[in-house]
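K.L.:
Dropping in final35.tsv, with TSV, C-alpha atoms.
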chain	number	residue	atom	x	y	z
S	348	MET	CA	48.19	-25.91	16.50
S	349	LYS	CA	46.10	-29.05	16.50
S	350	ILE	CA	43.07	-29.26	14.26
S	351	GLY	CA	39.48	-29.78	15.39
S	352	PHE	CA	38.67	-32.17	18.22
S	353	ASP	CA	41.60	-32.93	20.53
S	354	GLN	CA	42.25	-32.98	24.25
S	355	ASN	CA	42.26	-29.18	24.32
S	356	VAL	CA	38.62	-29.01	23.27
S	357	SER	CA	36.28	-29.47	26.22
S	358	PHE	CA	33.55	-32.10	26.17
S	359	ASP	CA	30.95	-29.32	26.46
S	360	ILE	CA	32.28	-27.63	23.32
S	361	ARG	CA	32.38	-30.91	21.40
S	362	ILE	CA	28.73	-31.60	22.20
S	363	ARG	CA	27.73	-28.05	21.25
S	364	ILE	CA	29.60	-28.32	17.95
S	365	ILE	CA	27.84	-31.56	17.02
S	366	ILE	CA	24.41	-30.26	18.05
S	367	ARG	CA	24.90	-26.97	16.24
S	368	ALA	CA	26.07	-28.76	13.09
S	369	PHE	CA	22.94	-30.94	13.04
S	370	LEU	CA	20.69	-27.95	13.76
S	371	PHE	CA	22.24	-25.66	11.16
S	372	LEU	CA	22.50	-28.20	8.36
S	373	GLY	CA	19.17	-29.83	9.22
S	374	LEU	CA	17.35	-26.50	9.24
S	375	MET	CA	19.05	-25.44	6.00
S	376	PHE	CA	17.97	-28.73	4.39
S	377	VAL	CA	14.37	-28.16	5.51
S	378	VAL	CA	14.41	-24.52	4.38
S	379	ILE	CA	15.58	-25.44	0.88
S	380	PHE	CA	13.51	-28.52	0.12
S	381	VAL	CA	10.29	-27.66	1.95
S	382	SER	CA	10.34	-24.29	0.22
S	383	ALA	CA	11.07	-25.91	-3.15
S	384	GLY	CA	8.37	-28.54	-2.58
S	385	ARG	CA	10.22	-31.21	-4.54
S	386	TRP	CA	13.26	-33.46	-4.38
S	387	ASP	CA	14.44	-33.12	-8.00
S	388	TYR	CA	15.72	-29.59	-7.43
S	389	TRP	CA	19.35	-30.08	-8.42
S	390	GLN	CA	20.25	-26.49	-7.56
S	391	GLY	CA	18.98	-27.14	-4.03
S	392	TRP	CA	21.13	-30.26	-3.65
S	393	LEU	CA	24.22	-28.45	-4.91
S	394	SER	CA	23.66	-25.50	-2.61
S	395	PHE	CA	23.18	-27.85	0.36
S	396	LEU	CA	26.45	-29.64	-0.43
S	397	LEU	CA	28.17	-26.26	-0.49
S	398	PHE	CA	26.67	-25.42	2.91
S	399	ILE	CA	28.12	-28.70	4.23
S	400	TYR	CA	31.49	-27.82	2.71
S	401	THR	CA	31.71	-24.38	4.27
S	402	TYR	CA	30.35	-25.48	7.65
S	403	LEU	CA	32.76	-28.39	7.90
S	404	PHE	CA	35.88	-26.43	7.00
S	405	SER	CA	35.02	-23.13	8.69
S	406	SER	CA	33.47	-24.45	11.90
S	407	ILE	CA	35.07	-27.81	12.69
S	408	LEU	CA	38.35	-28.44	10.85
S	409	ILE	CA	40.13	-25.45	12.38
S	410	PRO	CA	42.79	-25.10	15.10
S	411	SER	CA	41.46	-26.24	18.47
S	412	ASP	CA	42.09	-22.93	20.26
S	413	LEU	CA	40.10	-21.06	17.62
S	414	LEU	CA	37.42	-23.74	17.75
S	415	GLN	CA	36.98	-23.01	21.46
S	416	GLU	CA	36.76	-19.27	20.81
S	417	ARG	CA	34.26	-19.55	17.98
S	418	PHE	CA	31.88	-21.77	19.91
S	419	LYS	CA	32.35	-20.19	23.32
S	420	PRO	CA	33.71	-16.64	22.93
S	421	GLY	CA	35.39	-14.94	25.84
S	422	PRO	CA	34.25	-11.69	27.47
S	423	GLY	CA	34.17	-8.24	25.93
S	424	THR	CA	31.75	-8.58	23.01
S	425	LYS	CA	30.65	-5.15	21.79
S	426	LYS	CA	27.02	-4.39	22.63
S	427	TRP	CA	26.19	-3.42	19.05
S	428	ASP	CA	27.38	-6.84	17.90
S	429	TYR	CA	24.47	-8.51	19.72
S	430	ILE	CA	22.13	-6.39	17.60
S	431	PHE	CA	23.99	-7.54	14.50
S	432	LEU	CA	23.59	-11.20	15.46
S	433	SER	CA	19.84	-10.81	15.99
S	434	PHE	CA	19.47	-9.81	12.33
S	435	TYR	CA	22.28	-11.94	10.90
S	436	ILE	CA	20.83	-15.34	11.77
S	437	PRO	CA	17.36	-14.78	10.19
S	438	LEU	CA	18.89	-13.28	7.04
S	439	LEU	CA	21.28	-16.22	6.77
S	440	TYR	CA	18.27	-18.47	6.14
S	441	MET	CA	16.08	-15.94	4.34
S	442	THR	CA	18.06	-15.90	1.10
S	443	PRO	CA	17.91	-19.68	0.42
S	444	LEU	CA	14.29	-19.78	1.65
S	445	ILE	CA	13.06	-17.17	-0.82
S	446	ALA	CA	15.34	-18.50	-3.55
S	447	ALA	CA	13.94	-22.04	-3.18
S	448	LEU	CA	10.35	-20.75	-3.12
S	449	ASP	CA	11.08	-18.87	-6.32
S	450	GLY	CA	13.43	-21.16	-8.22
S	451	GLY	CA	12.11	-24.46	-6.92
S	452	ARG	CA	8.36	-24.02	-6.53
S	453	TYR	CA	6.64	-20.90	-7.90
S	454	HIS	CA	9.10	-19.75	-10.60
S	455	TRP	CA	8.52	-16.05	-10.15
S	456	THR	CA	11.84	-15.54	-11.92
S	457	THR	CA	12.37	-16.67	-15.50
S	458	VAL	CA	14.43	-19.85	-15.49
S	459	PHE	CA	18.08	-19.06	-16.15
S	460	PRO	CA	20.21	-21.13	-18.53
S	461	GLN	CA	21.87	-23.87	-16.51
S	462	TRP	CA	25.33	-22.49	-17.23
S	463	ILE	CA	24.38	-19.36	-15.28
S	464	ASN	CA	23.33	-21.49	-12.30
S	465	VAL	CA	26.56	-23.48	-12.48
S	466	PHE	CA	28.70	-20.34	-12.83
S	467	ALA	CA	26.94	-18.82	-9.83
S	468	PHE	CA	27.69	-21.92	-7.75
S	469	VAL	CA	31.35	-21.69	-8.74
S	470	ILE	CA	31.34	-18.15	-7.33
S	471	VAL	CA	29.61	-19.43	-4.19
S	472	PHE	CA	32.36	-22.03	-3.80
S	473	LEU	CA	35.05	-19.37	-4.22
S	474	GLY	CA	33.29	-17.09	-1.72
S	475	TYR	CA	33.01	-19.88	0.85
S	476	THR	CA	36.64	-20.79	0.25
S	477	LEU	CA	37.67	-17.18	0.90
S	478	VAL	CA	35.79	-17.31	4.20
S	479	THR	CA	37.52	-20.57	5.12
S	480	LEU	CA	40.96	-19.27	4.17
S	481	SER	CA	40.32	-16.16	6.24
S	482	ILE	CA	39.49	-18.29	9.28
S	483	TRP	CA	42.56	-20.46	8.74
S	484	ALA	CA	44.82	-17.39	8.39
S	485	ASN	CA	43.37	-15.56	11.38
S	486	GLN	CA	43.65	-17.36	14.71
S	487	PHE	CA	41.46	-14.62	16.21
S	488	PHE	CA	38.54	-15.03	13.79
S	489	SER	CA	35.85	-15.11	16.45
S	490	THR	CA	32.08	-15.14	15.99
S	491	ARG	CA	31.99	-12.02	18.17
S	492	VAL	CA	33.61	-8.62	17.75
S	493	ARG	CA	35.91	-8.30	20.73
S	494	ILE	CA	39.59	-7.74	21.52
S	495	GLN	CA	40.86	-11.12	22.70
S	496	LYS	CA	43.41	-9.88	25.23
S	497	GLU	CA	43.50	-13.20	27.08
S	498	ARG	CA	44.58	-14.90	23.82
S	499	GLY	CA	47.29	-12.35	23.01
S	500	HIS	CA	45.33	-10.72	20.19
S	501	PHE	CA	47.53	-9.16	17.50
S	502	VAL	CA	47.18	-7.95	13.91
S	503	ILE	CA	46.98	-10.63	11.20
S	504	ASP	CA	48.43	-9.56	7.87
S	505	LYS	CA	49.04	-12.87	6.09
S	506	GLY	CA	46.99	-14.83	3.57
S	507	PRO	CA	43.98	-12.91	2.24
S	508	TYR	CA	44.60	-10.26	4.94
S	509	ALA	CA	47.60	-9.11	2.93
S	510	PHE	CA	45.18	-7.75	0.31
S	511	ILE	CA	42.01	-6.67	2.18
S	512	ARG	CA	41.33	-6.14	5.87
S	513	HIS	CA	38.07	-8.12	6.16
S	514	PRO	CA	38.22	-10.93	3.58
S	515	GLY	CA	35.77	-13.14	5.49
S	516	TYR	CA	33.02	-10.58	5.00
S	517	THR	CA	33.90	-10.23	1.33
S	518	GLY	CA	33.45	-13.98	0.91
S	519	GLY	CA	30.12	-13.84	2.72
S	520	ILE	CA	28.78	-11.03	0.54
S	521	ILE	CA	29.89	-12.71	-2.71
S	522	SER	CA	28.33	-16.01	-1.66
S	523	SER	CA	25.03	-14.49	-0.59
S	524	PHE	CA	24.34	-12.86	-3.96
S	525	SER	CA	25.62	-15.87	-5.89
S	526	ILE	CA	23.50	-18.42	-4.00
S	527	ALA	CA	20.39	-16.49	-5.04
S	528	ILE	CA	21.36	-16.75	-8.71
S	529	GLY	CA	22.49	-20.35	-8.33
S	530	LEU	CA	19.06	-21.27	-6.93
S	531	ASN	CA	17.49	-19.41	-9.88
S	532	SER	CA	15.96	-16.43	-8.09
S	533	LEU	CA	16.07	-12.69	-8.57
S	534	TRP	CA	13.72	-12.10	-5.63
S	535	ALA	CA	16.28	-13.64	-3.27
S	536	LEU	CA	18.64	-10.80	-4.16
S	537	ILE	CA	16.57	-8.64	-1.78
S	538	PRO	CA	17.49	-10.54	1.42
S	539	ALA	CA	20.99	-11.06	-0.01
S	540	GLY	CA	21.27	-7.28	-0.32
S	541	LEU	CA	20.05	-6.76	3.25
S	542	TYR	CA	22.53	-9.40	4.44
S	543	SER	CA	25.31	-7.58	2.61
S	544	ILE	CA	24.34	-4.22	4.10
S	545	LEU	CA	24.47	-5.85	7.52
S	546	LEU	CA	27.98	-7.20	6.87
S	547	ILE	CA	29.16	-3.83	5.52
S	548	THR	CA	27.83	-2.12	8.63
S	549	ARG	CA	29.62	-4.62	10.85
S	550	THR	CA	32.79	-4.08	8.82
S	551	ILE	CA	32.65	-0.34	9.51
S	552	LEU	CA	32.03	-0.79	13.24
S	553	GLU	CA	34.58	-3.59	13.64
S	554	ASP	CA	37.22	-1.68	11.70
S	555	ALA	CA	36.72	1.35	13.95
S	556	THR	CA	37.00	-0.87	17.03
S	557	LEU	CA	40.25	-2.42	15.80
S	558	HIS	CA	41.69	1.00	14.98
S	559	LYS	CA	40.92	2.19	18.50
S	560	GLU	CA	41.74	-0.87	20.58
S	561	LEU	CA	44.12	-3.23	18.75
S	562	PRO	CA	47.79	-2.16	18.80
S	563	GLY	CA	49.34	-2.05	15.34
S	564	TYR	CA	46.05	-2.02	13.45
S	565	ALA	CA	46.36	1.62	12.37
S	566	ASP	CA	49.74	0.86	10.82
S	567	TYR	CA	48.31	-2.25	9.15
S	568	SER	CA	45.42	-0.26	7.68
S	569	SER	CA	47.86	2.26	6.24
S	570	ARG	CA	49.55	-0.62	4.38
S	571	VAL	CA	46.39	-2.53	3.45
S	572	LYS	CA	44.08	0.29	2.48
S	573	TYR	CA	40.95	-1.55	1.42
S	574	ARG	CA	38.42	-3.14	3.74
S	575	LEU	CA	36.37	-5.36	1.41
S	576	LEU	CA	37.14	-4.76	-2.26
S	577	PRO	CA	40.69	-4.09	-3.54
S	578	GLY	CA	40.86	-0.77	-5.33
S	579	ILE	CA	37.33	0.22	-4.32
S	580	TRP	CA	36.68	0.25	-0.55
Please express the file's structure as structure tokens.

P.N.:
Amino acid sequence: MKIGFDQNVSFDIRIRIIIRAFLFLGLMFVVIFVSAGRWDYWQGWLSFLLFIYTYLFSSILIPSDLLQERFKPGPGTKKWDYIFLSFYIPLLYMTPLIAALDGGRYHWTTVFPQWINVFAFVIVFLGYTLVTLSIWANQFFSTRVRIQKERGHFVIDKGPYAFIRHPGYTGGIISSFSIAIGLNSLWALIPAGLYSILLITRTILEDATLHKELPGYADYSSRVKYRLLPGIW
């Protein structure tokens, strides 16, 4: 499989990738630093660099066939998944927005020792890396919940999928809580919690869909028993 932009990636998809990258990263930059109201917010700069890291490796530097799927999914998306997406996108920005308002401008939360901020960002990095590894291991890691019959969809049980069934969501949940602490905010744990509930709900619905519609998934789930947290759930 070739990585990122090659002759298999249509011109339309390439343009959409570039535009979406500028929109996502540009909006995230504005959210963080307008909310913080200052440029010397080192936590904001570090979090923004981590956003660049995860966006680059999870949305661009991936196999070209998966790149096509993630930016222009095929048919068959579950109707409930559109509801998920309508809440997911606002909550994706809400955590850093409230965290920057708190930690960067108004200081509603007592300032944490810097080692706590740094440790939290290490966890963010690990969470983002888990998401990236999940995408790399799973050639069917779409942005939509659907059975990709036209792509020969089958069960993935390698990499992080050998330990939990939805490692990408685990990485997202870990990162969401940690980014709030990294940006020095307890108030941002509220949208992070809502974001996590949303991902847990999608995990339940997606897992049920895969059990019902993807051949071999029931056998896989009997071998890999946990959905998000080994030994817990």

K.L.:
Separation of atom CA of S:Glu416 and atom CA of S:Leu480, in Å?

P.N.:
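The value is 17.2 Å.
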
K.L.:
May I ask which of the residues S:Ile366, S:Leu372, S:Ile360, S:Leu403 is the closest one to S:Lys419, counting all atoms listed in the file?

P.N.:
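Using all atoms listed in the file, S:Lys419 sits closest to S:Ile360.
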
K.L.:
May I have the residues within 10 Å of S:Lys425 as a PDB file with C-alpha atoms, keeping the file's coordinate frame, using only C-alpha atoms and disregarding those fewer than 6 positions away in the same chain?

P.N.:
ATOM      1  CA  ARG S 491      31.990 -12.020  18.170  1.00  0.00           C
ATOM      2  CA  VAL S 492      33.610  -8.620  17.750  1.00  0.00           C
ATOM      3  CA  ARG S 493      35.910  -8.300  20.730  1.00  0.00           C
ATOM      4  CA  ILE S 494      39.590  -7.740  21.520  1.00  0.00           C
ATOM      5  CA  LEU S 552      32.030  -0.790  13.240  1.00  0.00           C
ATOM      6  CA  GLU S 553      34.580  -3.590  13.640  1.00  0.00           C
ATOM      7  CA  THR S 556      37.000  -0.870  17.030  1.00  0.00           C
TER       8      THR S 556
END

K.L.:
For atom CA of S:Arg361 and atom CA of S:Ile409, determine how far apart the two atoms are, in Å to one decimal place.

P.N.:
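Computing it gives 13.1 Å between the two atoms.
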
K.L.:
Restricting the calculation to all atoms listed in the file: of S:Ser522, S:Ser406, S:Asn531, S:Gln486, which residue gets closest to S:Gly391?

P.N.:
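Of all the options, S:Asn531 lies closest to S:Gly391.
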
K.L.:
Name all residues at most 9 Å from stretch 465-467 of chain S (count only C-alpha atoms; drop same-chain ones fewer than 3 positions away) and give them as a list in words.

P.N.:
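Close residues of stretch 465-467 of chain S: Gln390, Gln461, Trp462, Ile470, Val471, Phe472, Ser522, Phe524, Ser525, Ile526, Ala527, Ile528, Gly529 and Leu530 of chain S.
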
K.L.:
Skipping near chain neighbours, those fewer than 4 positions away, what residues fall within 10 Å of S:Ile407 using all atoms listed in the file, listed as a PDB file with C-alpha atoms, keeping the file's coordinate frame?

P.N.:
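So the final result, stored in around-v3.pdb, reads:
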ATOM      1  CA  ILE S 350      43.070 -29.260  14.260  1.00  0.00           C
ATOM      2  CA  GLY S 351      39.480 -29.780  15.390  1.00  0.00           C
ATOM      3  CA  PHE S 352      38.670 -32.170  18.220  1.00  0.00           C
ATOM      4  CA  ARG S 361      32.380 -30.910  21.400  1.00  0.00           C
ATOM      5  CA  ILE S 364      29.600 -28.320  17.950  1.00  0.00           C
ATOM      6  CA  ILE S 365      27.840 -31.560  17.020  1.00  0.00           C
ATOM      7  CA  ALA S 368      26.070 -28.760  13.090  1.00  0.00           C
ATOM      8  CA  THR S 401      31.710 -24.380   4.270  1.00  0.00           C
ATOM      9  CA  TYR S 402      30.350 -25.480   7.650  1.00  0.00           C
ATOM     10  CA  LEU S 403      32.760 -28.390   7.900  1.00  0.00           C
ATOM     11  CA  SER S 411      41.460 -26.240  18.470  1.00  0.00           C
ATOM     12  CA  LEU S 413      40.100 -21.060  17.620  1.00  0.00           C
ATOM     13  CA  LEU S 414      37.420 -23.740  17.750  1.00  0.00           C
ATOM     14  CA  ARG S 417      34.260 -19.550  17.980  1.00  0.00           C
ATOM     15  CA  PHE S 418      31.880 -21.770  19.910  1.00  0.00           C
TER      16      PHE S 418
END

K.L.:
Mind pulling up the distance from atom CA of S:His558 to atom CA of S:Gly515?

P.N.:
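Rounded to one decimal, the two atoms are 18.0 Å apart.
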
K.L.:
Which one is closest to S:Leu397: S:Ile511, S:Leu444, S:Ala539, S:Leu473? Count only C-alpha atoms.

P.N.:
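Among the listed residues, S:Leu473 lies closest to S:Leu397.
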
K.L.:
Name the residues within 7 Å of (20.6, -23.2, 2.6), counting only C-alpha atoms in the file's coordinates, and put them as JSON, numbers by chain.

P.N.:
{"S": [375, 376, 378, 379, 394, 395, 398, 440, 443]}

K.L.:
Counting only C-alpha atoms, which residues come within 12 Å of (39.7, -5.5, -4.9), with the point read in the file's coordinates, and could you list them as JSON, numbers by chain?

P.N.:
{"S": [507, 508, 509, 510, 511, 512, 513, 514, 517, 571, 572, 573, 574, 575, 576, 577, 578, 579, 580]}

K.L.:
Of the candidates S:Trp392, S:Phe488, S:Phe380, S:Phe431, which shows the shortest atom-to-atom distance to S:Tyr542, using all atoms listed in the file?

P.N.:
S:Phe431
